[in-house]
Amino acid sequence: MSLPLRIGFILEGLSVPAWQAELMEAVGSEPGLERSVLLVDRSGTSRPPAPAILAAYDAVDRLLDRGRNTRLRTVEIATGKTPVVEWVPGPDPARGLEPEVRARLSEQRLDVLLDLRAGGPRRELPAVARFGLWAIRFGACGLDGGGLPGLWEIVERGSLATATLEAQGPDGARRVLGQTTCGTHLYSLLRTRCVLVAATVNLALGRLRGLRDLGHGFLTRRSCGPENPETSRPRSPGALRLSEMVATCGLRLARRLWEKALRDDFYWSVAIAPRPPGAGLATLRDAPFRELPQSPDWFHADPVLFEHQGRHFVFMEAFPYATGKGVIAVSRIEPGGAMSPPETVLERPYHLSYPFVFSQHGQILMIPETSGNQTIELYRCERFPDRWVLDTVLMDGVEAADATVLEHAGRLWMFVTMASRGLWPDTELHVFHAQDVRGPWQPHPLNPVVSDVRRARPAGPVWEEAGRLIRPAQDCRLGYAAATSFQRITTLTTEDFAEEPFARLTADQLRWKRDARRTHTWCMGTGFVALDATVSRWRVSG
């Protein structure tokens with residue numbers, strides 16, 4: 001589209017939660033998008049005050065947060081030159097908008113009207129914008145209503161906080177444009193909700209970019225239906241149930257502080273197992289894995305297999321507790337399947353991990369994770385396996401995790417999670433594509449292509465099984481690296497992306513390490529398969 005998309009917003013007033021102001025500001029500064037009008041609903045929706053016990057919980061929650069999460073605070077919108085239209089919805093939506101309001105909206109020639117009110121879309125509104133009315137609907141507990149909704153998901157550990165972006169066209173047809181799925185904090189409602197709204201801002205902005213880049217074809221794609229059926233819960237639990245819920249959060253906080261002081265949950269180790277020709281995931285998950293011996297002063301994680309001149313190698317992150325900074329190491333796989341002691345092959349002033357090693361055009365290359373340097377860096381091997389030099393900085397000014405490259409359909413694809421707006425790099429998967437590994441790398445128009453804490457962050461190289469591409473991903477719904485999920489990629493083009501669940505592997509399913517607490521890498525190689533796991537150990541002894 002040659003002209004910028006004109007976006008209108010429906011608000012409940014000019015004093016709004018900070019995340020809504022952030023979204024409107026992002027739209028106004030995005031090339032090809034224009035903030036055109038603010039439609040203010042003056043119906044004066046009132047909400048009952050929170051029960052006293054929840055108000056007390058909220059006060060403690062905010063005190064512990066120390067002002068770090070601010071997206072739910074109320075801020076005043078700087079309207080600037082953006083027209084403001086005030087509107088009082090009538091009791092009968094079928095009567096439509098008042099002529100004066102409709103005329104003022106028509107003057108703006110809106111492409112999208114985005115409803116940020118707590119209530120859902122109204123029937124008289126879609127026709128005023130070319131691509132209809134878009135609305136954000138939060139999960140079963142929502143962000144609207146009385147009290148402090150969202151507490152149910154925290155108490156029901158394993159529940160997920162969700163937000164869905166829906167569109168209602170001028171013809172009345174509805175479709176789901178996307179959904180974000182975030183994990184819940186162990187005890188903090190404030191942090192849970194702030195993470196959810198940050199991801200919601202990115203989802204809405206990403207879908208507006210998709211409409212800008214793909215035009216009307218974006219809306220004719222298949223509807224991305226909600227992946228998480230909502231569970232019906234009462235809005236206002238009784239006083240006894242509220243007390244139990246708040247007490248549960250308090251006990252979790254106490255237990256977390258105790259465990260953090262006395263136990264180390266991140267003592268990672270690497271293991272490999274033989275892979276017979278054609279063996280798939282279902283066969284190998286129970287294979288006889290052999291663990292890499294290591295010192296208690298180091299841990300090893302993120303194994304990536306590579307074959308060179310008929311020999312097999314395992315590249316990995318090596319983390320010395322003494323420095324607190326990861327380096328890249330390599331271990332040779334001996335003919336009997338044992339691994340040699342790891343040797344450091346790459347060290348930088350910043351933390352390194354996830355050494356994605358691959359070959360292209362006769363060169364051996366590596367993209368380690370360098371999020372601590374806010375870069376994605378490509379290294380070239382000058383002498384295998386121990387001499388690497390920086391070849392190209394592929395991206396700069398980004399906090400990107402676990403970049404994974406795939407060659408498919410005559411093009412290179414990079415899967416990587418990005419951290420933005422205070423999110424951890426475990427929720428949003430971005431895809432880039434290029435003809436050459438050195439770039440330029442073009443962003444996919446649907447970025448983030450996945451906004452789901454259960455399957456966003458890469459967990460190893462993509463491989464082909466039974467004619468399908470299988471993508472390992474970290475499942476962080478219960479915390480970092482709680483499990484590894486496997487997704488089957490069904491569509492991968494420069495204009496579309498889709499995948500579906502294939503399998504899931506939890507730490508307690510690892511037969512070779514019965515005390516494992518987490519697992520977050522799976523590498524399917526030629527002749528071998530590698531993974532990692534972590535155990536919990538006491539920080540003090542004796």
# chains A, B, ... in the order shown; residues from 1 in each chain; ligands from 1

call {"tool": "select_by_dssp", "arguments": {"residues": "region 260-309 of chain A", "states": "helix (DSSP H, G or I)", "output": "ChimeraX atom specification"}}
result
/A:260-262,281-284

call {"tool": "write_last_selection", "arguments": {"atoms": "C-alpha atoms", "output": "PDB file, in the first residue's frame"}}
result
ATOM      1  CA  LYS A 260      16.872 -19.639  45.902  1.00  0.00           C
ATOM      2  CA  ALA A 261      18.979 -19.240  49.034  1.00  0.00           C
ATOM      3  CA  LEU A 262      19.804 -22.925  49.488  1.00  0.00           C
ATOM      4  CA  LEU A 281      11.816 -38.792  18.040  1.00  0.00           C
ATOM      5  CA  ALA A 282       9.460 -41.452  19.415  1.00  0.00           C
ATOM      6  CA  THR A 283      12.278 -44.032  19.351  1.00  0.00           C
ATOM      7  CA  LEU A 284      15.124 -41.835  20.563  1.00  0.00           C
TER       8      LEU A 284
END

call {"tool": "select_by_dssp", "arguments": {"residues": "region 303-388 of chain A", "states": "strand (DSSP E)", "output": "number ranges by chain"}}
result
A: 303-308, 311-320, 327-333, 343-346, 353-360, 363-370, 375-383, 387-388

call {"tool": "write_last_selection", "arguments": {"atoms": "N, CA and C atoms", "output": "compact mmCIF listing (two decimals), in the first residue's frame"}}
result
# COMPACT_ATOMS: atom_id res chain seq x y z
N PRO A 303 23.74 -28.42 23.56
CA PRO A 303 24.57 -29.21 22.65
C PRO A 303 24.09 -29.10 21.20
N VAL A 304 25.04 -28.92 20.29
CA VAL A 304 24.77 -28.92 18.85
C VAL A 304 25.77 -29.86 18.19
N LEU A 305 25.26 -30.87 17.50
CA LEU A 305 26.11 -31.88 16.86
C LEU A 305 26.59 -31.39 15.50
N PHE A 306 27.81 -31.83 15.14
CA PHE A 306 28.35 -31.49 13.82
C PHE A 306 29.28 -32.61 13.37
N GLU A 307 29.15 -33.02 12.13
CA GLU A 307 30.00 -34.06 11.56
C GLU A 307 31.01 -33.42 10.62
N HIS A 308 32.28 -33.83 10.76
CA HIS A 308 33.34 -33.26 9.93
C HIS A 308 34.34 -34.35 9.59
N ARG A 311 34.07 -37.66 11.38
CA ARG A 311 34.10 -37.67 12.84
C ARG A 311 32.97 -36.81 13.38
N HIS A 312 32.52 -37.13 14.58
CA HIS A 312 31.39 -36.43 15.19
C HIS A 312 31.87 -35.57 16.35
N PHE A 313 31.27 -34.37 16.45
CA PHE A 313 31.65 -33.40 17.48
C PHE A 313 30.38 -32.85 18.13
N VAL A 314 30.52 -32.43 19.39
CA VAL A 314 29.44 -31.77 20.10
C VAL A 314 29.93 -30.39 20.54
N PHE A 315 29.34 -29.35 19.96
CA PHE A 315 29.60 -27.99 20.43
C PHE A 315 28.58 -27.67 21.52
N MET A 316 28.98 -26.84 22.48
CA MET A 316 28.10 -26.59 23.63
C MET A 316 28.51 -25.31 24.33
N GLU A 317 27.61 -24.81 25.15
CA GLU A 317 27.96 -23.75 26.10
C GLU A 317 28.69 -24.39 27.27
N ALA A 318 29.80 -23.79 27.67
CA ALA A 318 30.51 -24.19 28.88
C ALA A 318 30.49 -22.99 29.82
N PHE A 319 30.02 -23.22 31.04
CA PHE A 319 29.81 -22.11 31.97
C PHE A 319 30.62 -22.35 33.24
N PRO A 320 31.72 -21.59 33.43
CA PRO A 320 32.47 -21.69 34.69
C PRO A 320 31.84 -20.81 35.76
N VAL A 327 31.22 -19.64 27.70
CA VAL A 327 32.10 -19.71 26.53
C VAL A 327 31.62 -20.88 25.67
N ILE A 328 32.16 -20.99 24.47
CA ILE A 328 31.80 -22.10 23.59
C ILE A 328 32.91 -23.15 23.66
N ALA A 329 32.50 -24.40 23.84
CA ALA A 329 33.44 -25.51 23.94
C ALA A 329 33.04 -26.60 22.96
N VAL A 330 33.95 -27.53 22.70
CA VAL A 330 33.67 -28.65 21.81
C VAL A 330 34.20 -29.92 22.45
N SER A 331 33.50 -31.01 22.22
CA SER A 331 33.90 -32.33 22.68
C SER A 331 33.86 -33.28 21.49
N ARG A 332 34.86 -34.12 21.36
CA ARG A 332 34.89 -35.12 20.29
C ARG A 332 34.18 -36.37 20.75
N ILE A 333 33.40 -36.96 19.86
CA ILE A 333 32.74 -38.22 20.17
C ILE A 333 33.65 -39.35 19.69
N GLU A 343 36.84 -28.69 25.25
CA GLU A 343 37.89 -27.71 25.06
C GLU A 343 37.26 -26.38 24.63
N THR A 344 37.66 -25.30 25.25
CA THR A 344 37.14 -23.99 24.87
C THR A 344 37.65 -23.59 23.49
N VAL A 345 36.73 -23.18 22.62
CA VAL A 345 37.11 -22.79 21.25
C VAL A 345 36.73 -21.35 20.93
N LEU A 346 35.86 -20.73 21.74
CA LEU A 346 35.48 -19.34 21.47
C LEU A 346 35.11 -18.67 22.79
N SER A 353 26.46 -18.62 24.35
CA SER A 353 25.75 -19.89 24.56
C SER A 353 25.18 -20.33 23.21
N TYR A 354 24.46 -21.45 23.20
CA TYR A 354 23.74 -21.97 22.04
C TYR A 354 24.55 -21.83 20.74
N PRO A 355 25.64 -22.60 20.58
CA PRO A 355 26.50 -22.47 19.39
C PRO A 355 25.90 -23.20 18.19
N PHE A 356 25.13 -22.50 17.38
CA PHE A 356 24.51 -23.12 16.21
C PHE A 356 25.57 -23.23 15.10
N VAL A 357 26.10 -24.44 14.91
CA VAL A 357 27.16 -24.70 13.94
C VAL A 357 26.55 -25.35 12.71
N PHE A 358 26.93 -24.85 11.52
CA PHE A 358 26.39 -25.38 10.27
C PHE A 358 27.38 -25.08 9.16
N SER A 359 27.15 -25.62 7.99
CA SER A 359 28.03 -25.37 6.86
C SER A 359 27.22 -24.82 5.70
N GLN A 360 27.87 -23.96 4.91
CA GLN A 360 27.25 -23.42 3.70
C GLN A 360 28.34 -23.07 2.72
N GLN A 363 31.94 -23.65 3.67
CA GLN A 363 32.46 -23.01 4.88
C GLN A 363 31.73 -23.53 6.11
N ILE A 364 32.47 -23.66 7.20
CA ILE A 364 31.86 -24.04 8.48
C ILE A 364 31.63 -22.75 9.27
N LEU A 365 30.40 -22.55 9.69
CA LEU A 365 29.98 -21.29 10.32
C LEU A 365 29.34 -21.56 11.66
N MET A 366 29.27 -20.54 12.48
CA MET A 366 28.63 -20.65 13.80
C MET A 366 27.90 -19.35 14.12
N ILE A 367 26.68 -19.48 14.66
CA ILE A 367 25.97 -18.34 15.23
C ILE A 367 25.72 -18.66 16.70
N PRO A 368 26.59 -18.18 17.59
CA PRO A 368 26.32 -18.38 19.02
C PRO A 368 25.34 -17.32 19.52
N GLU A 369 24.69 -17.61 20.63
CA GLU A 369 23.85 -16.56 21.21
C GLU A 369 24.73 -15.50 21.85
N THR A 370 24.50 -14.25 21.46
CA THR A 370 25.26 -13.12 22.00
C THR A 370 24.31 -12.02 22.46
N THR A 375 23.52 -8.42 19.93
CA THR A 375 23.86 -8.67 18.54
C THR A 375 23.47 -10.10 18.16
N ILE A 376 23.41 -10.34 16.84
CA ILE A 376 23.44 -11.70 16.30
C ILE A 376 24.68 -11.76 15.43
N GLU A 377 25.63 -12.61 15.80
CA GLU A 377 26.95 -12.62 15.18
C GLU A 377 27.21 -13.93 14.44
N LEU A 378 27.84 -13.82 13.28
CA LEU A 378 28.23 -14.97 12.48
C LEU A 378 29.74 -15.13 12.56
N TYR A 379 30.18 -16.33 12.94
CA TYR A 379 31.60 -16.65 13.03
C TYR A 379 31.97 -17.66 11.94
N ARG A 380 33.18 -17.53 11.44
CA ARG A 380 33.70 -18.43 10.40
C ARG A 380 34.85 -19.25 10.98
N CYS A 381 34.87 -20.54 10.65
CA CYS A 381 35.91 -21.42 11.17
C CYS A 381 37.14 -21.36 10.27
N GLU A 382 38.27 -21.00 10.85
CA GLU A 382 39.53 -20.96 10.10
C GLU A 382 40.32 -22.25 10.26
N ARG A 383 40.15 -22.91 11.39
CA ARG A 383 40.78 -24.22 11.60
C ARG A 383 39.84 -25.04 12.50
N ARG A 387 39.46 -22.82 15.92
CA ARG A 387 39.82 -21.45 15.59
C ARG A 387 38.66 -20.80 14.83
N TRP A 388 38.04 -19.79 15.46
CA TRP A 388 36.88 -19.11 14.89
C TRP A 388 37.13 -17.61 14.89

call {"tool": "atom_distance", "arguments": {"atom1": "CA of Leu390 (chain A)", "atom2": "CA of Tyr350 (chain A)"}}
result
13.9 Å

call {"tool": "closest_residue", "arguments": {"among": "A:Arg175, A:Arg275, A:Lys81, A:Arg104", "to": "Phe218 (chain A)", "atoms": "only C-alpha atoms"}}
result
A:Arg175

call {"tool": "residues_around", "arguments": {"residues": "region 452-467 of chain A", "least_positions_apart": "2", "cutoff": "8 Å", "atoms": "only C-alpha atoms", "output": "PyMOL selection string"}}
result
chain A and resi 180-183+280+302+304+356+401-406+415-417+425-429+450+469-477+484-487+520-524

call {"tool": "write_last_selection", "arguments": {"atoms": "C-alpha atoms", "output": "CSV table (one decimal), in the first residue's frame"}}
result
chain,number,residue,atom,x,y,z
A,180,THR,CA,-0.6,-14.4,22.7
A,181,THR,CA,-0.1,-16.9,25.5
A,182,CYS,CA,2.1,-16.0,28.5
A,183,GLY,CA,3.1,-17.9,31.6
A,280,GLY,CA,12.7,-40.6,14.9
A,302,ASP,CA,23.0,-26.3,24.5
A,304,VAL,CA,24.8,-28.9,18.9
A,356,PHE,CA,24.5,-23.1,16.2
A,401,ALA,CA,18.1,-15.6,21.8
A,402,ASP,CA,19.0,-19.0,20.2
A,403,ALA,CA,19.2,-18.1,16.5
A,404,THR,CA,18.6,-21.3,14.5
A,405,VAL,CA,19.1,-21.4,10.7
A,406,LEU,CA,17.3,-23.7,8.3
A,415,PHE,CA,14.2,-18.6,13.8
A,416,VAL,CA,15.0,-16.5,16.8
A,417,THR,CA,13.2,-15.1,19.9
A,425,PRO,CA,13.1,-14.0,25.2
A,426,ASP,CA,10.8,-17.0,25.7
A,427,THR,CA,7.4,-15.7,24.4
A,428,GLU,CA,7.8,-14.3,20.9
A,429,LEU,CA,9.3,-16.2,17.9
A,450,VAL,CA,4.5,-17.3,17.4
A,469,LEU,CA,9.9,-30.2,9.4
A,470,ILE,CA,10.1,-30.7,13.2
A,471,ARG,CA,11.1,-27.6,15.2
A,472,PRO,CA,12.2,-28.1,18.8
A,473,ALA,CA,11.1,-25.4,21.2
A,474,GLN,CA,11.4,-24.5,24.8
A,475,ASP,CA,8.2,-24.9,26.9
A,476,CYS,CA,8.5,-22.3,29.6
A,477,ARG,CA,4.9,-22.3,30.9
A,484,THR,CA,10.9,-29.2,25.4
A,485,SER,CA,8.1,-29.1,22.9
A,486,PHE,CA,8.3,-30.2,19.3
A,487,GLN,CA,6.3,-28.4,16.6
A,520,HIS,CA,15.8,-27.3,26.9
A,521,THR,CA,17.8,-28.5,23.9
A,522,TRP,CA,17.4,-31.4,21.5
A,523,CYS,CA,19.7,-31.9,18.6
A,524,MET,CA,19.0,-34.6,16.0

call {"tool": "decode", "arguments": {"residues": "region 420-477 of chain A", "atoms": "C-alpha atoms", "output": "mmCIF file, in the first residue's frame"}}
result
data_model
loop_
_atom_site.group_PDB
_atom_site.id
_atom_site.type_symbol
_atom_site.label_atom_id
_atom_site.label_comp_id
_atom_site.auth_asym_id
_atom_site.auth_seq_id
_atom_site.Cartn_x
_atom_site.Cartn_y
_atom_site.Cartn_z
ATOM 1 C CA SER A 420 11.278 -6.338 23.767
ATOM 2 C CA ARG A 421 9.118 -4.192 26.050
ATOM 3 C CA GLY A 422 10.572 -5.945 29.078
ATOM 4 C CA LEU A 423 9.589 -9.443 27.958
ATOM 5 C CA TRP A 424 11.918 -12.386 28.460
ATOM 6 C CA PRO A 425 13.093 -13.980 25.179
ATOM 7 C CA ASP A 426 10.796 -16.959 25.672
ATOM 8 C CA THR A 427 7.444 -15.691 24.388
ATOM 9 C CA GLU A 428 7.835 -14.310 20.854
ATOM 10 C CA LEU A 429 9.340 -16.184 17.910
ATOM 11 C CA HIS A 430 10.502 -14.091 14.956
ATOM 12 C CA VAL A 431 11.390 -15.460 11.527
ATOM 13 C CA PHE A 432 13.756 -13.827 9.046
ATOM 14 C CA HIS A 433 14.688 -15.002 5.565
ATOM 15 C CA ALA A 434 17.612 -14.373 3.207
ATOM 16 C CA GLN A 435 19.303 -15.705 0.091
ATOM 17 C CA ASP A 436 22.734 -15.581 1.738
ATOM 18 C CA VAL A 437 23.694 -16.215 5.328
ATOM 19 C CA ARG A 438 25.390 -12.823 5.527
ATOM 20 C CA GLY A 439 22.125 -11.127 4.661
ATOM 21 C CA PRO A 440 20.314 -8.962 4.251
ATOM 22 C CA TRP A 441 17.822 -10.751 6.474
ATOM 23 C CA GLN A 442 14.215 -9.742 5.821
ATOM 24 C CA PRO A 443 11.651 -9.903 8.653
ATOM 25 C CA HIS A 444 8.606 -12.080 8.113
ATOM 26 C CA PRO A 445 5.456 -9.930 7.725
ATOM 27 C CA LEU A 446 3.708 -11.931 10.473
ATOM 28 C CA ASN A 447 6.369 -11.357 13.139
ATOM 29 C CA PRO A 448 6.047 -12.407 15.829
ATOM 30 C CA VAL A 449 4.942 -15.582 14.036
ATOM 31 C CA VAL A 450 4.472 -17.257 17.435
ATOM 32 C CA SER A 451 3.522 -15.480 20.657
ATOM 33 C CA ASP A 452 3.323 -18.413 23.035
ATOM 34 C CA VAL A 453 5.529 -19.189 26.024
ATOM 35 C CA ARG A 454 5.019 -22.931 25.406
ATOM 36 C CA ARG A 455 6.631 -23.057 21.963
ATOM 37 C CA ALA A 456 8.396 -19.853 20.956
ATOM 38 C CA ARG A 457 12.060 -20.140 21.955
ATOM 39 C CA PRO A 458 14.191 -22.443 19.751
ATOM 40 C CA ALA A 459 15.586 -25.564 21.427
ATOM 41 C CA GLY A 460 17.805 -27.006 18.713
ATOM 42 C CA PRO A 461 18.141 -27.452 14.948
ATOM 43 C CA VAL A 462 15.071 -28.129 12.808
ATOM 44 C CA TRP A 463 15.096 -31.598 11.257
ATOM 45 C CA GLU A 464 12.967 -33.527 8.785
ATOM 46 C CA GLU A 465 10.982 -36.553 9.910
ATOM 47 C CA ALA A 466 8.488 -38.430 7.732
ATOM 48 C CA GLY A 467 8.584 -35.616 5.194
ATOM 49 C CA ARG A 468 7.784 -32.911 7.760
ATOM 50 C CA LEU A 469 9.940 -30.238 9.371
ATOM 51 C CA ILE A 470 10.131 -30.667 13.152
ATOM 52 C CA ARG A 471 11.108 -27.620 15.225
ATOM 53 C CA PRO A 472 12.231 -28.145 18.848
ATOM 54 C CA ALA A 473 11.099 -25.354 21.173
ATOM 55 C CA GLN A 474 11.353 -24.545 24.848
ATOM 56 C CA ASP A 475 8.193 -24.907 26.892
ATOM 57 C CA CYS A 476 8.487 -22.253 29.609
ATOM 58 C CA ARG A 477 4.921 -22.263 30.909
#
